[in-house]
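One structure is given below, encoded as structure tokens.
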Amino acid sequence: MSAVDTPFAAPAGLQASWYEASARQRIAALLDAASFEEFIGPEQREQSPHLALFDLPAQFDDGMVVGRGRLDGRAVLVAAQEGRFMGGAFGEVHGAKLTGLLRAARDAGSMPVLILFDTGGVRLQEANAGELGIAEIMRALLEARAAGVAVVGLIGGRAGCYGGGSLIAGCCSALAISEQGRLAVSGPEVIETNRGVDEFDARDRALVWRTMGGKHRRLLGAVDAFVDDSIAAFRAAALVLLENAPAFDARTLEAEQARLERRLRDFGDCADALDVWKAAGVADAGAVPGMPAAAFIALADQTRSIRHDAR
Amino acid sequence: METLSYSHQAARPAAGTKAIALVGVVASGNLEVLVERVAPGNRCEVEIHTAAAGFGAVWEAVVADFVERCSPGGLRLSINDGGARPDTVALRLAQAVRAIEEDAP
């Protein structure tokens with residue numbers, strides 16, 4: 001039984017929007033009913049020690065909820081970022097909670113891990129601690145995978161999955177994403193600020209979505225499942241991905257290297273996501289952005305070029 | 001950052017048996033309220049951490065009104081504030097009591 005409740009009256013149900021739900025609502029509805037047990041809950045007040053220096057308010061859980069629960073009866077460890085608190089950014093405590101969870105997964109060796117990403121990357125007010133946290137998390141994640149633990153990332157929150165969060169996602173056994181979930185290292189504004197508006201117009205929302213959004217990531221082969229924006233759809237995808245998680249061995253890594261080389265060869269000259277989709281064999285690339293989830297999932301499943309046994 | 005503390009005597013204890021509840025989020029114009037059933041007797045303790053300094057009188061009025069309306073005896077409410085308006089604060093405080101009273105008959 002969770003010590004801390006999801007807000008007010010009924011928590012978000014399975015049909016609720018993943019995008020709209022809070023980190024705690026996502027966990028409560030994703031896992032089996034009342035199975036979540038939180039580690040280092042908000043009542044322990046493990047807050048950021050840095051934010052007060054900047055005259056910024058802390059959050060009791062530092063925007064990271066970790067614990068264990070059950071998914072379809074199976075024991076799992078789970079971490080969820082709260083994207084509304086500082087854009088879900090990684091600070092010292094926020095990162096350390098995920099590192100600890102992944103090390104526990106490595107040591108136990110029997111419980112898979114679900115990471116519910118919702119992050120803009122490292123928290124700039126505690127950048128050094130945050131960057132170190134990203135490195136520690138990536139190491140802990142890969143150690144867990146080397147110990148035979150499947151680590152599945154779910155991406156569909158307001159903040160997307162950017163910066164160091166995208167690097168962590170890249171280390172996962174498998175990823176599921178919704179159309180609203182964006183996955184990229186640099187965010188739109190970062191690219192525009194550094195390279196100019198001719199390179200990337202951050203105000204062009206269609207450009208942002210077709211470059212970083214879930215559909216493009218799926219057609220690039222960067223994620224393994226595209227899901228509709230509901231907690232039920234993420235739950236179904238998590239079950240499938242956990243079941244089919246690849247082993248973490250030399251063969252998988254060689255397949256991943258080959259996949260990335262092939263991707264660069266096939267799409268490296270493409271100037272726009274539309275060109276990528278055409279090169280991937282999508283007949284009517286222009287129709288992809290407006291396509292309903294079910295039709296897009298069918299399209300992606302038929303697209304042979306994104307099939308692989310890597311990760 | 002400013003820290004404000006208030007202690008009131010409530011008319012009745014809060015209903016239910018849950019030990020703890022959390023509502024809200026620290027974001028611009030929003031706040032989180034952690035409520036714990038740890039205050040002695042019918043006391044209600046409220047501690048506020050806010051980046052918007054100088055609004056003590058408004059907080060005092062909102063908290064006094066909340067204790068009057070919700071009678072949160074035995075509760076300690078801890079607030080991290082992201083610059084919420086008084087109406088948002090009042091709703092979150094009421095929501096926090098509702099959440100910890102959830103299992104009341």
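Chains: A, B, ... in order of the structure tokens. Residues: from 1 per chain. Ligands: from 1, in order shown.
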Sorted by chain and rising residue number, which residues of chain B lie within 9 Å of chain A, and what are their closest atom pairs and distances in Å to one decimal, counting only C-alpha atoms, as JSON lines?
```
{"residue": "B:Met1", "atom": "CA", "partner": "A:Asp55", "partner_atom": "CA", "distance": 5.3}
{"residue": "B:Lys18", "atom": "CA", "partner": "A:Ala3", "partner_atom": "CA", "distance": 8.7}
{"residue": "B:Ala19", "atom": "CA", "partner": "A:Ala3", "partner_atom": "CA", "distance": 7.8}
{"residue": "B:Ile20", "atom": "CA", "partner": "A:Val4", "partner_atom": "CA", "distance": 5.9}
{"residue": "B:Ala21", "atom": "CA", "partner": "A:Val4", "partner_atom": "CA", "distance": 5.0}
{"residue": "B:Leu22", "atom": "CA", "partner": "A:Val4", "partner_atom": "CA", "distance": 6.0}
{"residue": "B:Val23", "atom": "CA", "partner": "A:Pro7", "partner_atom": "CA", "distance": 5.0}
{"residue": "B:Gly24", "atom": "CA", "partner": "A:Pro7", "partner_atom": "CA", "distance": 7.2}
{"residue": "B:Val25", "atom": "CA", "partner": "A:Phe85", "partner_atom": "CA", "distance": 6.5}
{"residue": "B:Val26", "atom": "CA", "partner": "A:Phe85", "partner_atom": "CA", "distance": 5.5}
{"residue": "B:Ala27", "atom": "CA", "partner": "A:Phe85", "partner_atom": "CA", "distance": 5.5}
{"residue": "B:Ser28", "atom": "CA", "partner": "A:Phe85", "partner_atom": "CA", "distance": 8.9}
{"residue": "B:Glu32", "atom": "CA", "partner": "A:Gln59", "partner_atom": "CA", "distance": 7.5}
{"residue": "B:Leu34", "atom": "CA", "partner": "A:Glu43", "partner_atom": "CA", "distance": 7.4}
{"residue": "B:Val35", "atom": "CA", "partner": "A:Glu43", "partner_atom": "CA", "distance": 8.9}
{"residue": "B:Glu36", "atom": "CA", "partner": "A:Glu43", "partner_atom": "CA", "distance": 8.1}
{"residue": "B:His49", "atom": "CA", "partner": "A:Pro57", "partner_atom": "CA", "distance": 6.9}
{"residue": "B:Thr50", "atom": "CA", "partner": "A:Pro57", "partner_atom": "CA", "distance": 6.3}
{"residue": "B:Ala51", "atom": "CA", "partner": "A:Leu56", "partner_atom": "CA", "distance": 5.9}
{"residue": "B:Asn80", "atom": "CA", "partner": "A:Pro57", "partner_atom": "CA", "distance": 6.2}
{"residue": "B:Asp81", "atom": "CA", "partner": "A:Pro57", "partner_atom": "CA", "distance": 6.4}
{"residue": "B:Gly82", "atom": "CA", "partner": "A:Pro57", "partner_atom": "CA", "distance": 6.4}
{"residue": "B:Gln95", "atom": "CA", "partner": "A:Phe8", "partner_atom": "CA", "distance": 6.2}
{"residue": "B:Ala96", "atom": "CA", "partner": "A:Phe8", "partner_atom": "CA", "distance": 7.6}
{"residue": "B:Arg98", "atom": "CA", "partner": "A:Phe8", "partner_atom": "CA", "distance": 6.9}
{"residue": "B:Ala99", "atom": "CA", "partner": "A:Phe8", "partner_atom": "CA", "distance": 5.3}
{"residue": "B:Ile100", "atom": "CA", "partner": "A:Asp5", "partner_atom": "CA", "distance": 8.3}
{"residue": "B:Glu102", "atom": "CA", "partner": "A:Ala9", "partner_atom": "CA", "distance": 7.3}
```
Distance query Leu207 in chain A at most 12 Å, only C-alpha atoms, self and fewer than 4 positions along chain excluded, as a short mmCIF file (atom, residue, chain, number, x, y, z; two decimals) with N, CA and C atoms, in the first residue's frame:
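Written out: part02.cif:
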```cif
data_model
loop_
_atom_site.label_atom_id
_atom_site.label_comp_id
_atom_site.auth_asym_id
_atom_site.auth_seq_id
_atom_site.Cartn_x
_atom_site.Cartn_y
_atom_site.Cartn_z
N PRO A 188 14.18 21.95 -28.84
CA PRO A 188 14.02 22.91 -29.93
C PRO A 188 14.68 24.27 -29.66
N GLU A 199 18.48 27.01 -38.86
CA GLU A 199 18.76 25.60 -38.60
C GLU A 199 17.52 24.91 -38.03
N PHE A 200 16.87 25.59 -37.07
CA PHE A 200 15.70 24.97 -36.44
C PHE A 200 14.83 26.06 -35.84
N ASP A 201 13.61 26.17 -36.32
CA ASP A 201 12.66 27.17 -35.83
C ASP A 201 11.82 26.54 -34.73
N ALA A 202 12.19 26.89 -33.47
CA ALA A 202 11.54 26.25 -32.33
C ALA A 202 10.05 26.59 -32.23
N ARG A 203 9.64 27.68 -32.91
CA ARG A 203 8.22 28.05 -32.86
C ARG A 203 7.38 27.28 -33.89
N THR A 211 10.10 16.17 -35.94
CA THR A 211 11.52 15.89 -35.76
C THR A 211 11.80 15.12 -34.47
N MET A 212 11.04 15.43 -33.43
CA MET A 212 11.33 14.85 -32.11
C MET A 212 10.19 14.00 -31.56
N GLY A 213 9.02 14.07 -32.18
CA GLY A 213 7.84 13.40 -31.66
C GLY A 213 7.89 11.89 -31.80
N HIS A 216 7.99 9.99 -35.37
CA HIS A 216 9.30 9.98 -36.04
C HIS A 216 10.26 9.02 -35.35
N ALA A 271 17.13 15.78 -45.12
CA ALA A 271 17.11 17.11 -44.53
C ALA A 271 15.93 17.27 -43.58
N ASP A 272 14.91 16.42 -43.70
CA ASP A 272 13.68 16.59 -42.93
C ASP A 272 13.13 15.21 -42.61
N ALA A 273 12.32 15.15 -41.55
CA ALA A 273 11.72 13.87 -41.16
C ALA A 273 10.90 13.28 -42.30
N LEU A 274 10.25 14.14 -43.10
CA LEU A 274 9.44 13.63 -44.22
C LEU A 274 10.31 12.82 -45.18
N PRO A 289 1.75 12.78 -39.96
CA PRO A 289 1.46 13.57 -38.76
C PRO A 289 -0.01 13.56 -38.35
#
```
Those in range 10-225 of chain A with strand (DSSP E or B) from DSSP, as a VMD selection string: chain A and resid 37 to 39 64 to 71 74 to 81 90 113 to 117 119 122 151 to 155 161 to 162 174 to 178 182 to 184 213 225
Quick one: residues within 10 Å of Ile155 in chain A, only C-alpha atoms counted, chain neighbours fewer than 5 positions away excluded, as a PyMOL selection string? chain A and resi 18-19+115-119+160-161+166+169+175-183+214+223+226-227+234
Residues from the last selection, N, CA and C atoms, saved as a CSV table (one decimal), in the first residue's frame:
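The resulting file, selection_23.csv, is shown below:
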```csv
chain,number,residue,atom,x,y,z
A,18,TRP,N,-2.1,9.7,-20.4
A,18,TRP,CA,-0.7,9.7,-19.7
A,18,TRP,C,-0.1,11.1,-19.7
A,19,TYR,N,-0.3,11.8,-20.7
A,19,TYR,CA,0.3,13.2,-20.8
A,19,TYR,C,-0.2,14.1,-19.7
A,115,ILE,N,11.0,2.9,-16.2
A,115,ILE,CA,11.3,4.3,-16.0
A,115,ILE,C,10.3,5.1,-16.8
A,116,LEU,N,9.6,5.9,-16.0
A,116,LEU,CA,8.6,6.8,-16.6
A,116,LEU,C,9.2,8.2,-16.8
A,117,PHE,N,9.8,8.4,-18.0
A,117,PHE,CA,10.5,9.6,-18.3
A,117,PHE,C,9.6,10.8,-18.4
A,118,ASP,N,10.0,11.9,-17.9
A,118,ASP,CA,9.3,13.2,-18.2
A,118,ASP,C,10.3,14.3,-17.8
A,119,THR,N,11.2,14.6,-18.7
A,119,THR,CA,12.3,15.5,-18.3
A,119,THR,C,12.9,16.3,-19.4
A,160,GLY,N,8.5,15.7,-22.2
A,160,GLY,CA,9.2,14.9,-23.2
A,160,GLY,C,10.4,14.1,-22.5
A,161,CYS,N,11.4,13.8,-23.3
A,161,CYS,CA,12.6,13.1,-22.8
A,161,CYS,C,13.8,13.7,-23.5
A,166,SER,N,17.5,11.7,-22.4
A,166,SER,CA,17.5,10.9,-23.6
A,166,SER,C,18.7,10.0,-23.7
A,169,ALA,N,17.6,7.1,-21.7
A,169,ALA,CA,16.6,6.3,-22.5
A,169,ALA,C,17.3,5.4,-23.5
A,175,LEU,N,12.0,0.8,-25.4
A,175,LEU,CA,11.2,2.1,-25.2
A,175,LEU,C,9.9,2.1,-25.8
A,176,ALA,N,8.9,2.7,-25.1
A,176,ALA,CA,7.6,2.9,-25.7
A,176,ALA,C,7.3,4.4,-25.7
A,177,ILE,N,6.7,4.9,-26.7
A,177,ILE,CA,6.5,6.4,-26.8
A,177,ILE,C,5.1,6.6,-27.3
A,178,SER,N,4.5,7.8,-26.9
A,178,SER,CA,3.2,8.2,-27.5
A,178,SER,C,3.5,9.4,-28.4
A,179,GLU,N,2.5,9.8,-29.2
A,179,GLU,CA,2.8,10.9,-30.1
A,179,GLU,C,3.3,12.2,-29.3
A,180,GLN,N,2.7,12.4,-28.1
A,180,GLN,CA,3.1,13.6,-27.3
A,180,GLN,C,4.5,13.4,-26.8
A,181,GLY,N,5.0,12.2,-26.6
A,181,GLY,CA,6.3,12.0,-26.0
A,181,GLY,C,7.3,12.5,-27.0
A,182,ARG,N,8.2,13.3,-26.7
A,182,ARG,CA,9.3,13.7,-27.6
A,182,ARG,C,10.6,13.2,-27.0
A,183,LEU,N,11.5,12.8,-27.9
A,183,LEU,CA,12.7,12.1,-27.5
A,183,LEU,C,13.8,12.8,-28.4
A,214,GLY,N,6.9,11.2,-31.2
A,214,GLY,CA,6.9,9.8,-31.1
A,214,GLY,C,6.8,9.1,-32.4
A,223,VAL,N,12.6,3.8,-31.0
A,223,VAL,CA,11.8,3.2,-30.0
A,223,VAL,C,11.1,2.0,-30.5
A,226,PHE,N,5.0,2.2,-30.4
A,226,PHE,CA,4.2,3.5,-30.4
A,226,PHE,C,2.9,3.2,-29.8
A,227,VAL,N,2.5,4.1,-28.9
A,227,VAL,CA,1.2,3.8,-28.2
A,227,VAL,C,0.3,5.0,-28.2
A,234,PHE,N,0.1,2.4,-22.4
A,234,PHE,CA,1.5,2.2,-21.9
A,234,PHE,C,1.6,0.9,-21.1
```
For Glu131 in chain A, please output as a PDB file with N, CA and C atoms, in the first residue's frame all residues within 9 Å (counting only C-alpha atoms; exclusion window: fewer than 5 positions along the same chain).
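Wrote it out as selection.pdb, contents follow:
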```pdb
ATOM      1  N   PHE A  90      16.876  16.653 -13.862  1.00  0.00           N
ATOM      2  CA  PHE A  90      17.716  15.855 -12.970  1.00  0.00           C
ATOM      3  C   PHE A  90      18.573  16.753 -12.087  1.00  0.00           C
ATOM      4  N   GLY A  91      18.344  16.698 -10.779  1.00  0.00           N
ATOM      5  CA  GLY A  91      19.242  17.295  -9.803  1.00  0.00           C
ATOM      6  C   GLY A  91      19.910  16.177  -9.023  1.00  0.00           C
ATOM      7  N   GLU A  92      20.596  16.561  -7.944  1.00  0.00           N
ATOM      8  CA  GLU A  92      21.388  15.581  -7.197  1.00  0.00           C
ATOM      9  C   GLU A  92      20.511  14.495  -6.570  1.00  0.00           C
ATOM     10  N   VAL A 122      19.164  17.937 -17.510  1.00  0.00           N
ATOM     11  CA  VAL A 122      19.796  18.269 -16.238  1.00  0.00           C
ATOM     12  C   VAL A 122      19.274  19.606 -15.716  1.00  0.00           C
ATOM     13  N   ARG A 123      19.102  19.683 -14.405  1.00  0.00           N
ATOM     14  CA  ARG A 123      18.646  20.904 -13.743  1.00  0.00           C
ATOM     15  C   ARG A 123      19.827  21.887 -13.694  1.00  0.00           C
ATOM     16  N   GLU A 126      21.760  22.950 -10.473  1.00  0.00           N
ATOM     17  CA  GLU A 126      22.685  21.990  -9.853  1.00  0.00           C
ATOM     18  C   GLU A 126      23.266  21.118 -10.962  1.00  0.00           C
ATOM     19  N   GLU A 136      26.076   8.426 -13.451  1.00  0.00           N
ATOM     20  CA  GLU A 136      25.879   7.336 -12.481  1.00  0.00           C
ATOM     21  C   GLU A 136      24.675   6.476 -12.860  1.00  0.00           C
ATOM     22  N   GLY A 164      20.094  14.752 -20.803  1.00  0.00           N
ATOM     23  CA  GLY A 164      20.597  13.546 -20.170  1.00  0.00           C
ATOM     24  C   GLY A 164      19.547  12.456 -20.081  1.00  0.00           C
TER      25      GLY A 164
END
```
